[in-house]
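Structure first, commentary second.
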Amino acid sequence: MEKEIFSIQLGKCGIQTGHEFWKVISSEHFINPEGKIFFQKKKKFIENKELFFSETSKGTFLPRTFLFDLEPRILFGLINGNYKNFYNKKNILFSKQSAGNNWAKGYYKSVEFQLEIEEILRKNLENCNNLSCFNIFHSISGGTGSGAGSYVMETIREEFPKKFINCYSLIPNHIGASDTVLQPYNSILSFRWLTLYADCVTFFENSALEKIISSQNSRIKINFQEINYLISRIITISNENFRFSKNFNNSLENFFSFLIPTPNLHFLSAGISDLNFFDKKKKKNILPIDLLQQVFENKTTSFSFNEGKLISSLHFSQNQAKY
């Protein structure tokens with residue numbers, strides 16, 4: 001039976017990163033901002049859109065996602081922008097009071113939305129035939145991403161204990177001063193909840209991602225959109241093998257289970273090599289062994305490290321001929 005993945009975008013960073021992810025993945029499945037198919041594929045073309053999208057009775061495709069923020073400005077931008085018909089309005093929830101970059105405020109403000117959050121999760125679960133995994137996009141340094149993220153993970157674990165919780169967590173730079181005074185405290189508290197409730201966590205650090213982009217094209221002007229796009233490409237490449245596959249037994253949790261030797265060691269780093277979407281110049285063909293070597297270099301990983309041991313690794317190759 002085909003499996004589905006439900007995504008949750010929390011806070012400003014989680015919503016923007018998740019939105020970039022949906023832009024990339026919808027383009028790969030030829031879905032426009034209105035949810036319509038804009039290109040007819042070949043008859044032998046194999047894809048599994050239902051993994052991330054649900055099809056309505058009108059033939060449009062809606063992303064399986066829930067957007068939540070305690071400050072509505074970013075959500076208003078999505079609702080009134082080019083993607084105003086892309087998301088299911090019933091899966092958008094916001095407050096009129098910001099979390100103020102405070103974990104405790106984000107957590108306890110989210111408790112006030114307990115019934116709404118549980119109802120949205122329950123209804124979306126009922127609309128799935130075989131939901132296997134929750135994808136959470138958030139930052140552990142902000143108030144909503146850290147506090148609401150902790151509460152949502154706790155809620156999912158209590159209400160749906162057998163479902164796999166996979167987090168894509170943006171972490172503060174480990175070198176240099178914090179952007180806000182509360183950033184280290186938010187991160188430490190979030191890390192505790194990620195340890196207790198998440199099954200898999202992939203960390204992304206802005207400075208490391210900037211280093212990846214500049215290593216490919218030193219002339220590019222790096223902004224948050226470029227960083228979010230890089231994160232999205234890393235995520236979409238990692239799930240491409242079961243979005244375009246005949247084998248419906250492939251799943252995200254099965255892939256990640258190979259990387260996690262014990263339940264507590266579920267914190268991962270992502271690497272990417274041979275980036276050709278930041279530098280348009282044609283490059284020479286690179287051998288697979290050279291690509292693999294690039295992944296293990298510190299300059300291609302999603303957060304910086306200078307010491308430690310590699311316990312396990314999993315390499316995905318992008319399928320350029322899937323269309």
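Letters A, B, ... mark the chains of the structure tokens in the order given; residue numbers begin at 1 per chain; ligand numbers begin at 1, in order shown.
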
| task | as a PyMOL selection string, list the residues of region 71-305 of chain A assigned to strand (DSSP E) by DSSP on the backbone atoms of this structure. | result | chain A and resi 92-94+131-139+164-171+200-205+267-269

Leaving out Gln97 (chain A) and any residue of its chain fewer than 2 positions from it, which residues lie within 6 Å of it when counting only C-alpha atoms, given as an mmCIF file with N, CA and C atoms, in the first residue's frame?
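Output saved as part-v5.cif:
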```cif
data_model
loop_
_atom_site.group_PDB
_atom_site.id
_atom_site.type_symbol
_atom_site.label_atom_id
_atom_site.label_comp_id
_atom_site.auth_asym_id
_atom_site.auth_seq_id
_atom_site.Cartn_x
_atom_site.Cartn_y
_atom_site.Cartn_z
ATOM 1 N N LEU A 70 2.657 32.013 15.459
ATOM 2 C CA LEU A 70 2.027 32.883 16.442
ATOM 3 C C LEU A 70 1.996 34.333 15.978
ATOM 4 N N GLU A 71 2.697 34.629 14.871
ATOM 5 C CA GLU A 71 2.711 35.972 14.304
ATOM 6 C C GLU A 71 2.286 35.851 12.843
ATOM 7 N N SER A 95 -1.844 33.074 15.393
ATOM 8 C CA SER A 95 -2.263 33.919 16.500
ATOM 9 C C SER A 95 -1.925 35.363 16.146
#
```

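For the pair CA of Phe6 (chain A) and CA of Thr65 (chain A), the separation is 5.7 Å.
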
| message | Here is a test: counting only C-alpha atoms, which residue of A:Asn254, A:Asn173, A:Asn186, A:Asn127 is nearest to Gly147 (chain A)? | response |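 Ranking A:Asn254, A:Asn173, A:Asn186, A:Asn127 by distance to Gly147 (chain A), first place goes to A:Asn186.
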
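Here CA of His315 (chain A) is placed at a distance of 23.5 Å from CA of Glu2 (chain A).
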